[in-house]
file my_file19.pdb (PDB, C-alpha atoms and all ligand atoms)
ATOM      1  CA  ASP G  16     -56.391 -86.409 -83.705  1.00  0.00           C
ATOM      2  CA  SER G  17     -53.647 -87.540 -81.358  1.00  0.00           C
ATOM      3  CA  LYS G  18     -50.971 -85.497 -83.142  1.00  0.00           C
ATOM      4  CA  HIS G  19     -53.049 -82.432 -82.488  1.00  0.00           C
ATOM      5  CA  ALA G  20     -53.316 -83.496 -78.822  1.00  0.00           C
ATOM      6  CA  ALA G  21     -49.527 -83.876 -78.584  1.00  0.00           C
ATOM      7  CA  SER G  22     -48.885 -80.422 -80.013  1.00  0.00           C
ATOM      8  CA  ARG G  23     -51.407 -78.887 -77.589  1.00  0.00           C
ATOM      9  CA  ILE G  24     -49.705 -80.651 -74.671  1.00  0.00           C
ATOM     10  CA  ALA G  25     -46.346 -79.334 -75.895  1.00  0.00           C
ATOM     11  CA  ALA G  26     -47.874 -75.818 -76.014  1.00  0.00           C
ATOM     12  CA  ALA G  27     -49.188 -76.270 -72.463  1.00  0.00           C
ATOM     13  CA  LEU G  28     -45.741 -77.352 -71.232  1.00  0.00           C
ATOM     14  CA  ASP G  29     -44.205 -74.292 -72.877  1.00  0.00           C
ATOM     15  CA  ALA G  30     -46.751 -72.046 -71.148  1.00  0.00           C
ATOM     16  CA  VAL G  31     -45.881 -73.770 -67.846  1.00  0.00           C
ATOM     17  CA  ARG G  32     -42.194 -73.022 -68.473  1.00  0.00           C
ATOM     18  CA  VAL G  33     -43.019 -69.309 -68.929  1.00  0.00           C
ATOM     19  CA  THR G  34     -45.182 -69.150 -65.766  1.00  0.00           C
ATOM     20  CA  ILE G  35     -42.512 -70.889 -63.695  1.00  0.00           C
ATOM     21  CA  ASP G  36     -39.825 -68.532 -65.060  1.00  0.00           C
ATOM     22  CA  GLU G  37     -41.945 -65.561 -64.020  1.00  0.00           C
ATOM     23  CA  ASN G  38     -42.547 -66.943 -60.514  1.00  0.00           C
ATOM     24  CA  ALA G  39     -39.257 -68.740 -59.796  1.00  0.00           C
ATOM     25  CA  GLU G  40     -37.920 -66.067 -57.476  1.00  0.00           C
ATOM     26  CA  GLU G  41     -41.096 -66.068 -55.365  1.00  0.00           C
ATOM     27  CA  LEU G  42     -41.177 -69.895 -55.226  1.00  0.00           C
ATOM     28  CA  GLY G  43     -37.552 -69.917 -54.090  1.00  0.00           C
ATOM     29  CA  ARG G  44     -38.299 -67.287 -51.458  1.00  0.00           C
ATOM     30  CA  ILE G  45     -41.185 -69.337 -50.006  1.00  0.00           C
ATOM     31  CA  ASP G  46     -39.038 -72.500 -50.035  1.00  0.00           C
ATOM     32  CA  SER G  47     -36.216 -70.650 -48.260  1.00  0.00           C
ATOM     33  CA  ILE G  48     -38.490 -69.975 -45.275  1.00  0.00           C
ATOM     34  CA  ALA G  49     -40.145 -73.397 -45.033  1.00  0.00           C
ATOM     35  CA  GLY G  50     -37.547 -75.534 -46.871  1.00  0.00           C
ATOM     36  CA  ASP G  51     -34.115 -75.257 -48.533  1.00  0.00           C
ATOM     37  CA  GLY G  52     -34.800 -72.482 -51.054  1.00  0.00           C
ATOM     38  CA  ASP G  53     -34.361 -74.425 -54.286  1.00  0.00           C
ATOM     39  CA  HIS G  54     -37.980 -74.862 -55.385  1.00  0.00           C
ATOM     40  CA  GLY G  55     -37.879 -71.998 -57.905  1.00  0.00           C
ATOM     41  CA  ILE G  56     -34.650 -73.088 -59.579  1.00  0.00           C
ATOM     42  CA  GLY G  57     -35.659 -76.765 -59.513  1.00  0.00           C
ATOM     43  CA  MET G  58     -39.027 -76.077 -61.133  1.00  0.00           C
ATOM     44  CA  GLN G  59     -37.342 -73.787 -63.666  1.00  0.00           C
ATOM     45  CA  ARG G  60     -34.850 -76.480 -64.703  1.00  0.00           C
ATOM     46  CA  GLY G  61     -37.530 -79.166 -64.823  1.00  0.00           C
ATOM     47  CA  SER G  62     -40.178 -77.246 -66.744  1.00  0.00           C
ATOM     48  CA  ARG G  63     -37.632 -75.939 -69.250  1.00  0.00           C
ATOM     49  CA  ALA G  64     -36.281 -79.436 -69.916  1.00  0.00           C
ATOM     50  CA  ALA G  65     -39.811 -80.851 -70.229  1.00  0.00           C
ATOM     51  CA  ALA G  66     -40.928 -78.096 -72.629  1.00  0.00           C
ATOM     52  CA  GLU G  67     -37.843 -78.547 -74.822  1.00  0.00           C
ATOM     53  CA  GLU G  68     -38.237 -82.323 -74.922  1.00  0.00           C
ATOM     54  CA  ALA G  69     -41.983 -82.047 -75.632  1.00  0.00           C
ATOM     55  CA  ALA G  70     -41.390 -79.662 -78.547  1.00  0.00           C
ATOM     56  CA  ALA G  71     -38.831 -82.043 -80.080  1.00  0.00           C
ATOM     57  CA  VAL G  72     -41.051 -85.107 -79.617  1.00  0.00           C
ATOM     58  CA  ALA G  73     -44.196 -83.353 -80.954  1.00  0.00           C
ATOM     59  CA  GLU G  74     -42.222 -82.340 -84.039  1.00  0.00           C
ATOM     60  CA  LYS G  75     -41.675 -86.026 -84.799  1.00  0.00           C
ATOM     61  CA  GLY G  76     -45.400 -86.778 -84.663  1.00  0.00           C
ATOM     62  CA  ALA G  77     -45.485 -88.813 -81.437  1.00  0.00           C
ATOM     63  CA  GLY G  78     -48.702 -89.315 -79.461  1.00  0.00           C
ATOM     64  CA  ALA G  79     -49.623 -87.865 -76.067  1.00  0.00           C
ATOM     65  CA  ALA G  80     -48.383 -90.783 -73.965  1.00  0.00           C
ATOM     66  CA  THR G  81     -44.967 -90.897 -75.642  1.00  0.00           C
ATOM     67  CA  LEU G  82     -44.614 -87.137 -75.405  1.00  0.00           C
ATOM     68  CA  LEU G  83     -45.572 -87.027 -71.724  1.00  0.00           C
ATOM     69  CA  SER G  84     -43.314 -89.950 -70.846  1.00  0.00           C
ATOM     70  CA  ARG G  85     -40.310 -88.245 -72.471  1.00  0.00           C
ATOM     71  CA  ALA G  86     -41.201 -84.883 -70.896  1.00  0.00           C
ATOM     72  CA  ALA G  87     -41.559 -86.611 -67.504  1.00  0.00           C
ATOM     73  CA  ASP G  88     -38.066 -88.109 -67.736  1.00  0.00           C
ATOM     74  CA  ALA G  89     -36.607 -84.754 -68.800  1.00  0.00           C
ATOM     75  CA  TRP G  90     -38.317 -82.940 -65.921  1.00  0.00           C
ATOM     76  CA  SER G  91     -37.247 -85.363 -63.171  1.00  0.00           C
ATOM     77  CA  ASP G  92     -33.690 -85.798 -64.543  1.00  0.00           C
ATOM     78  CA  ARG G  93     -32.978 -82.088 -64.791  1.00  0.00           C
ATOM     79  CA  ALA G  94     -34.922 -80.680 -61.831  1.00  0.00           C
ATOM     80  CA  GLY G  95     -33.539 -82.877 -59.079  1.00  0.00           C
ATOM     81  CA  GLY G  96     -35.280 -82.613 -55.716  1.00  0.00           C
ATOM     82  CA  THR G  97     -38.491 -84.123 -54.444  1.00  0.00           C
ATOM     83  CA  SER G  98     -40.791 -81.992 -56.557  1.00  0.00           C
ATOM     84  CA  GLY G  99     -38.891 -82.907 -59.741  1.00  0.00           C
ATOM     85  CA  ALA G 100     -39.410 -86.609 -59.117  1.00  0.00           C
ATOM     86  CA  LEU G 101     -43.092 -86.012 -58.335  1.00  0.00           C
ATOM     87  CA  TRP G 102     -43.689 -83.883 -61.447  1.00  0.00           C
ATOM     88  CA  GLY G 103     -42.147 -86.723 -63.444  1.00  0.00           C
ATOM     89  CA  VAL G 104     -44.662 -89.077 -61.831  1.00  0.00           C
ATOM     90  CA  ILE G 105     -47.558 -86.699 -62.623  1.00  0.00           C
ATOM     91  CA  LEU G 106     -46.698 -86.281 -66.310  1.00  0.00           C
ATOM     92  CA  ARG G 107     -45.952 -89.968 -66.904  1.00  0.00           C
ATOM     93  CA  THR G 108     -49.128 -91.169 -65.163  1.00  0.00           C
ATOM     94  CA  LEU G 109     -51.327 -88.671 -67.014  1.00  0.00           C
ATOM     95  CA  GLY G 110     -49.800 -89.800 -70.317  1.00  0.00           C
ATOM     96  CA  GLU G 111     -50.480 -93.472 -69.553  1.00  0.00           C
ATOM     97  CA  LYS G 112     -54.200 -92.680 -69.197  1.00  0.00           C
ATOM     98  CA  LEU G 113     -54.323 -90.517 -72.342  1.00  0.00           C
ATOM     99  CA  GLY G 114     -52.567 -93.077 -74.558  1.00  0.00           C
ATOM    100  CA  ASP G 115     -50.960 -92.431 -77.939  1.00  0.00           C
ATOM    101  CA  THR G 116     -53.898 -92.897 -80.296  1.00  0.00           C
ATOM    102  CA  GLU G 117     -57.166 -91.511 -78.907  1.00  0.00           C
ATOM    103  CA  GLN G 118     -58.169 -87.860 -78.803  1.00  0.00           C
ATOM    104  CA  PRO G 119     -58.214 -86.909 -75.080  1.00  0.00           C
ATOM    105  CA  SER G 120     -61.701 -86.359 -73.627  1.00  0.00           C
ATOM    106  CA  ALA G 121     -62.870 -84.731 -70.385  1.00  0.00           C
ATOM    107  CA  GLU G 122     -63.206 -88.257 -68.979  1.00  0.00           C
ATOM    108  CA  THR G 123     -59.715 -89.475 -69.907  1.00  0.00           C
ATOM    109  CA  VAL G 124     -58.080 -86.226 -68.721  1.00  0.00           C
ATOM    110  CA  SER G 125     -59.930 -86.448 -65.400  1.00  0.00           C
ATOM    111  CA  ALA G 126     -59.044 -90.149 -65.024  1.00  0.00           C
ATOM    112  CA  GLY G 127     -55.413 -89.253 -65.779  1.00  0.00           C
ATOM    113  CA  ILE G 128     -55.315 -86.506 -63.147  1.00  0.00           C
ATOM    114  CA  THR G 129     -56.909 -88.819 -60.562  1.00  0.00           C
ATOM    115  CA  ALA G 130     -54.340 -91.527 -61.374  1.00  0.00           C
ATOM    116  CA  ALA G 131     -51.548 -88.929 -61.088  1.00  0.00           C
ATOM    117  CA  LYS G 132     -52.838 -87.856 -57.665  1.00  0.00           C
ATOM    118  CA  ASP G 133     -52.928 -91.497 -56.503  1.00  0.00           C
ATOM    119  CA  ALA G 134     -49.403 -92.087 -57.874  1.00  0.00           C
ATOM    120  CA  VAL G 135     -47.983 -89.001 -56.116  1.00  0.00           C
ATOM    121  CA  MET G 136     -49.516 -90.108 -52.809  1.00  0.00           C
ATOM    122  CA  SER G 137     -48.259 -93.657 -53.258  1.00  0.00           C
ATOM    123  CA  TYR G 138     -44.743 -92.530 -54.246  1.00  0.00           C
ATOM    124  CA  GLY G 139     -44.329 -89.710 -51.710  1.00  0.00           C
ATOM    125  CA  LYS G 140     -46.454 -91.082 -48.854  1.00  0.00           C
ATOM    126  CA  ALA G 141     -47.801 -87.625 -47.967  1.00  0.00           C
ATOM    127  CA  LYS G 142     -51.435 -87.244 -46.963  1.00  0.00           C
ATOM    128  CA  VAL G 143     -53.734 -84.226 -47.035  1.00  0.00           C
ATOM    129  CA  GLY G 144     -52.681 -81.855 -44.229  1.00  0.00           C
ATOM    130  CA  ASP G 145     -48.944 -82.675 -44.349  1.00  0.00           C
ATOM    131  CA  LYS G 146     -48.269 -79.316 -46.073  1.00  0.00           C
ATOM    132  CA  THR G 147     -47.129 -80.597 -49.471  1.00  0.00           C
ATOM    133  CA  MET G 148     -48.308 -80.396 -53.079  1.00  0.00           C
ATOM    134  CA  VAL G 149     -50.787 -83.153 -52.150  1.00  0.00           C
ATOM    135  CA  ASP G 150     -52.821 -80.445 -50.392  1.00  0.00           C
ATOM    136  CA  SER G 151     -53.595 -78.722 -53.699  1.00  0.00           C
ATOM    137  CA  LEU G 152     -53.438 -81.827 -55.934  1.00  0.00           C
ATOM    138  CA  VAL G 153     -56.218 -83.684 -54.066  1.00  0.00           C
ATOM    139  CA  PRO G 154     -58.849 -80.906 -54.286  1.00  0.00           C
ATOM    140  CA  PHE G 155     -57.776 -80.287 -57.884  1.00  0.00           C
ATOM    141  CA  ALA G 156     -58.248 -83.938 -58.905  1.00  0.00           C
ATOM    142  CA  ASP G 157     -61.424 -84.429 -56.854  1.00  0.00           C
ATOM    143  CA  THR G 158     -63.125 -81.266 -58.134  1.00  0.00           C
ATOM    144  CA  LEU G 159     -62.192 -82.120 -61.723  1.00  0.00           C
ATOM    145  CA  ALA G 160     -63.627 -85.631 -61.334  1.00  0.00           C
ATOM    146  CA  GLU G 161     -66.846 -84.362 -59.715  1.00  0.00           C
ATOM    147  CA  ARG G 162     -67.455 -81.703 -62.357  1.00  0.00           C
ATOM    148  CA  VAL G 163     -66.718 -84.029 -65.263  1.00  0.00           C
ATOM    149  CA  ALA G 164     -69.014 -86.687 -63.763  1.00  0.00           C
ATOM    150  CA  ALA G 165     -71.715 -83.986 -63.484  1.00  0.00           C
ATOM    151  CA  GLY G 166     -71.407 -83.343 -67.225  1.00  0.00           C
ATOM    152  CA  ASP G 167     -69.271 -80.181 -67.330  1.00  0.00           C
ATOM    153  CA  ALA G 168     -67.106 -79.521 -70.369  1.00  0.00           C
ATOM    154  CA  LEU G 169     -63.376 -80.028 -69.714  1.00  0.00           C
ATOM    155  CA  LEU G 170     -62.545 -76.308 -69.610  1.00  0.00           C
ATOM    156  CA  ASP G 171     -65.308 -75.498 -67.093  1.00  0.00           C
ATOM    157  CA  ALA G 172     -64.377 -78.460 -64.909  1.00  0.00           C
ATOM    158  CA  TRP G 173     -60.662 -77.562 -65.127  1.00  0.00           C
ATOM    159  CA  ASN G 174     -61.349 -73.950 -64.112  1.00  0.00           C
ATOM    160  CA  ALA G 175     -63.427 -75.060 -61.101  1.00  0.00           C
ATOM    161  CA  ALA G 176     -60.632 -77.471 -60.114  1.00  0.00           C
ATOM    162  CA  THR G 177     -58.055 -74.679 -60.422  1.00  0.00           C
ATOM    163  CA  THR G 178     -60.082 -72.449 -58.094  1.00  0.00           C
ATOM    164  CA  ALA G 179     -60.178 -75.294 -55.540  1.00  0.00           C
ATOM    165  CA  ALA G 180     -56.408 -75.878 -55.897  1.00  0.00           C
ATOM    166  CA  LYS G 181     -55.577 -72.179 -55.440  1.00  0.00           C
ATOM    167  CA  GLY G 182     -57.742 -71.906 -52.326  1.00  0.00           C
ATOM    168  CA  ALA G 183     -56.196 -75.054 -50.877  1.00  0.00           C
ATOM    169  CA  ALA G 184     -52.642 -73.877 -51.680  1.00  0.00           C
ATOM    170  CA  ASP G 185     -53.273 -70.581 -49.839  1.00  0.00           C
ATOM    171  CA  LYS G 186     -54.628 -72.506 -46.851  1.00  0.00           C
ATOM    172  CA  THR G 187     -51.400 -74.529 -46.493  1.00  0.00           C
ATOM    173  CA  ALA G 188     -50.025 -71.380 -44.809  1.00  0.00           C
ATOM    174  CA  ASP G 189     -51.977 -72.423 -41.678  1.00  0.00           C
ATOM    175  CA  LEU G 190     -50.431 -75.921 -41.601  1.00  0.00           C
ATOM    176  CA  MET G 191     -47.378 -77.275 -39.815  1.00  0.00           C
ATOM    177  CA  PRO G 192     -45.191 -79.341 -42.139  1.00  0.00           C
ATOM    178  CA  GLY G 193     -45.520 -83.108 -41.803  1.00  0.00           C
ATOM    179  CA  MET G 194     -43.395 -84.366 -44.718  1.00  0.00           C
ATOM    180  CA  GLY G 195     -40.210 -83.602 -46.611  1.00  0.00           C
ATOM    181  CA  ARG G 196     -37.446 -81.202 -45.657  1.00  0.00           C
ATOM    182  CA  ALA G 197     -39.869 -78.612 -44.359  1.00  0.00           C
ATOM    183  CA  ARG G 198     -40.593 -80.875 -41.389  1.00  0.00           C
ATOM    184  CA  SER G 199     -37.331 -79.911 -39.690  1.00  0.00           C
ATOM    185  CA  HIS G 200     -38.182 -76.207 -40.019  1.00  0.00           C
ATOM    186  CA  GLY G 201     -41.281 -76.669 -37.872  1.00  0.00           C
ATOM    187  CA  GLU G 202     -42.958 -73.490 -36.786  1.00  0.00           C
ATOM    188  CA  LYS G 203     -40.979 -71.268 -39.171  1.00  0.00           C
ATOM    189  CA  ALA G 204     -43.259 -72.602 -41.904  1.00  0.00           C
ATOM    190  CA  LEU G 205     -46.401 -71.361 -40.161  1.00  0.00           C
ATOM    191  CA  GLY G 206     -47.922 -68.442 -42.053  1.00  0.00           C
ATOM    192  CA  VAL G 207     -46.078 -69.391 -45.265  1.00  0.00           C
ATOM    193  CA  PRO G 208     -47.763 -71.580 -47.881  1.00  0.00           C
ATOM    194  CA  ASP G 209     -46.140 -74.778 -49.151  1.00  0.00           C
ATOM    195  CA  PRO G 210     -44.140 -73.929 -52.299  1.00  0.00           C
ATOM    196  CA  GLY G 211     -45.035 -77.174 -54.072  1.00  0.00           C
ATOM    197  CA  ALA G 212     -48.753 -76.660 -53.408  1.00  0.00           C
ATOM    198  CA  VAL G 213     -48.478 -73.083 -54.717  1.00  0.00           C
ATOM    199  CA  SER G 214     -46.583 -74.051 -57.892  1.00  0.00           C
ATOM    200  CA  LEU G 215     -49.058 -76.852 -58.634  1.00  0.00           C
ATOM    201  CA  ALA G 216     -51.985 -74.397 -58.493  1.00  0.00           C
ATOM    202  CA  MET G 217     -50.046 -71.985 -60.748  1.00  0.00           C
ATOM    203  CA  ILE G 218     -49.443 -74.746 -63.278  1.00  0.00           C
ATOM    204  CA  ALA G 219     -53.124 -75.762 -63.211  1.00  0.00           C
ATOM    205  CA  GLU G 220     -54.144 -72.169 -63.920  1.00  0.00           C
ATOM    206  CA  THR G 221     -51.630 -71.893 -66.776  1.00  0.00           C
ATOM    207  CA  VAL G 222     -52.812 -75.119 -68.419  1.00  0.00           C
ATOM    208  CA  GLY G 223     -56.417 -73.854 -68.107  1.00  0.00           C
ATOM    209  CA  GLY G 224     -55.366 -70.798 -70.110  1.00  0.00           C
ATOM    210  CA  VAL G 225     -54.051 -73.061 -72.892  1.00  0.00           C
ATOM    211  CA  LEU G 226     -57.242 -75.196 -72.804  1.00  0.00           C
ATOM    212  CA  ALA G 227     -59.257 -71.997 -73.314  1.00  0.00           C
ATOM    213  CA  ASP G 228     -57.361 -71.064 -76.514  1.00  0.00           C
TER
HETATM  214  P1  LIG A 301     -36.703 -80.489 -52.220  1.00  0.00           P
HETATM  215  O1  LIG A 301     -37.679 -80.598 -51.080  1.00  0.00           O
HETATM  216  O2  LIG A 301     -36.051 -81.784 -52.548  1.00  0.00           O
HETATM  217  O3  LIG A 301     -35.752 -79.331 -52.041  1.00  0.00           O
HETATM  218  P2  LIG A 301     -38.352 -78.852 -53.951  1.00  0.00           P
HETATM  219  O4  LIG A 301     -37.927 -77.687 -53.128  1.00  0.00           O
HETATM  220  O5  LIG A 301     -38.272 -78.667 -55.418  1.00  0.00           O
HETATM  221  O6  LIG A 301     -37.594 -80.173 -53.532  1.00  0.00           O
HETATM  222  O7  LIG A 301     -39.874 -79.202 -53.658  1.00  0.00           O
HETATM  223  C1  LIG A 301     -40.399 -79.067 -52.378  1.00  0.00           C
HETATM  224  C2  LIG A 301     -41.874 -79.406 -52.465  1.00  0.00           C
HETATM  225  O8  LIG A 301     -42.026 -80.790 -52.740  1.00  0.00           O
HETATM  226  C3  LIG A 301     -42.597 -79.177 -51.173  1.00  0.00           C
HETATM  227  O9  LIG A 301     -43.017 -77.830 -51.071  1.00  0.00           O
HETATM  228  C4  LIG A 301     -43.760 -80.140 -51.279  1.00  0.00           C
HETATM  229  O10 LIG A 301     -44.872 -79.554 -51.922  1.00  0.00           O
HETATM  230  C5  LIG A 301     -43.240 -81.226 -52.168  1.00  0.00           C
HETATM  231  N1  LIG A 301     -42.980 -82.445 -51.408  1.00  0.00           N
HETATM  232  C6  LIG A 301     -41.931 -82.736 -50.618  1.00  0.00           C
HETATM  233  N2  LIG A 301     -42.035 -83.993 -50.110  1.00  0.00           N
HETATM  234  C7  LIG A 301     -43.207 -84.484 -50.596  1.00  0.00           C
HETATM  235  C8  LIG A 301     -43.900 -85.729 -50.450  1.00  0.00           C
HETATM  236  N3  LIG A 301     -43.412 -86.714 -49.713  1.00  0.00           N
HETATM  237  N4  LIG A 301     -45.075 -85.873 -51.099  1.00  0.00           N
HETATM  238  C9  LIG A 301     -45.585 -84.884 -51.852  1.00  0.00           C
HETATM  239  N5  LIG A 301     -44.975 -83.692 -52.031  1.00  0.00           N
HETATM  240  C10 LIG A 301     -43.814 -83.497 -51.408  1.00  0.00           C
HETATM  241 MG    MG A 302     -36.499 -77.316 -51.802  1.00  0.00          MG
HETATM  242 MG    MG A 303     -33.686 -79.363 -52.285  1.00  0.00          MG
END

call {"tool": "encode", "arguments": {"input": "my_file19.pdb", "output": "structure tokens", "more": "lines below"}}
Ligand code: ADP
Ligand code: MG
Ligand code: MG
result
Amino acid sequence: DSKHAASRIAAALDAVRVTIDENAEELGRIDSIAGDGDHGIGMQRGSRAAAEEAAAVAEKGAGAATLLSRAADAWSDRAGGTSGALWGVILRTLGEKLGDTEQPSAETVSAGITAAKDAVMSYGKAKVGDKTMVDSLVPFADTLAERVAAGDALLDAWNAATTAAKGAADKTADLMPGMGRARSHGEKALGVPDPGAVSLAMIAETVGGVLAD
């Protein structure tokens, strides 16, 4: 039921918090070359706040949409920075598609991720190739949608989407920045992947691990 869905989403957000904690130093290091160095600490603050809020809301028996909306606000309020605002957009948009009453299906999760991708692109105005999280979010959402439409179970589709996101995040190393603060760092960013694209792929992989449990 939807309470079960909310507690699984809270568990996924807690797993994300742990992954981000483990990788915060590396994310900060990448951002210090191509940006301003705060991506690790920002993601740490945001994911911790979201996980804490989600645990409290799940405890009260709320549905997935309510939980994700509250976690989204916590993440964007506490993280600061561009990626914090965008992670708030992702969580809130996904929740709106899942709703508070239905058990999430492969179709509603995929529709939610596609809507989140569209919302990030509409809010941030970055396109594929601008060296942002959009570069891993688009192949993630598109692969998920294709595999679900082809009849894959959610876990299989999610794992295929994660592989696409990781490959795309690695490839951002070859790109010159087109958006955000990294733009002013120009060629220094060449050879270094975009931190937001890398963290998004990490989060996808972590959530896949929770889906497999
Ligand atoms: P800030 O850039 O405010 O310091 P962070 O360091 O936390 O915030 O996040 C930087 C990441 O945000 C970038 O690596 C990139 O992936 C993402 N980003 C920046 N601007 C945009 C944008 N307009 N659209 C999508 N993603 C963006
Ligand atoms: Mg930064
Ligand atoms: Mg910053």

call {"tool": "residues_around", "arguments": {"input": "my_file19.pdb", "residues": "range 98-103 of chain G", "least_positions_apart": "3", "cutoff": "12 Å", "atoms": "only C-alpha atoms", "output": "ChimeraX atom specification"}}
result
/G:28,46,53-65,83-95,106-110,131-141,147-149,152,195-196,209-215,218

call {"tool": "resolve_selection", "arguments": {"input": "my_file19.pdb", "expression": "the PyMOL selection byres (((chain G and resi 177) around 12) and not hetatm)", "output": "PyMOL selection string"}}
result
chain G and resi 151-159+162+169-176+178-184+212-224

call {"tool": "atom_distance", "arguments": {"input": "my_file19.pdb", "atom1": "atom O6 of ligand LIG 301 (chain A)", "atom2": "CA of Gly206 in chain G"}}
result
19.4 Å

call {"tool": "atom_distance", "arguments": {"input": "my_file19.pdb", "atom1": "CA of Glu74 in chain G", "atom2": "CA of Ser125 in chain G"}}
result
26.0 Å

call {"tool": "residues_near_point", "arguments": {"input": "my_file19.pdb", "point": "(-51.5, -76.5, -45.1)", "cutoff": "9 Å", "atoms": "all atoms listed in the file", "output": "list of chain:residue names"}}
result
G:Val143, G:Gly144, G:Asp145, G:Lys146, G:Thr147, G:Asp150, G:Ala183, G:Ala184, G:Asp185, G:Lys186, G:Thr187, G:Ala188, G:Asp189, G:Leu190, G:Met191, G:Pro192, G:Leu205, G:Val207, G:Pro208, G:Asp209, G:Ala212

call {"tool": "atom_distance", "arguments": {"input": "my_file19.pdb", "atom1": "CA of Ala49 in chain G", "atom2": "atom N2 of ligand LIG 301 (chain A)"}}
result
11.9 Å

call {"tool": "axis_aligned_box", "arguments": {"input": "my_file19.pdb", "around": "ligand LIG 301 (chain A)", "padding_each_side": "5 Å", "output": "AutoDock Vina command-line options"}}
result
--center_x -40.7 --center_y -82.2 --center_z -52.6 --size_x 19.8 --size_y 19.0 --size_z 15.7
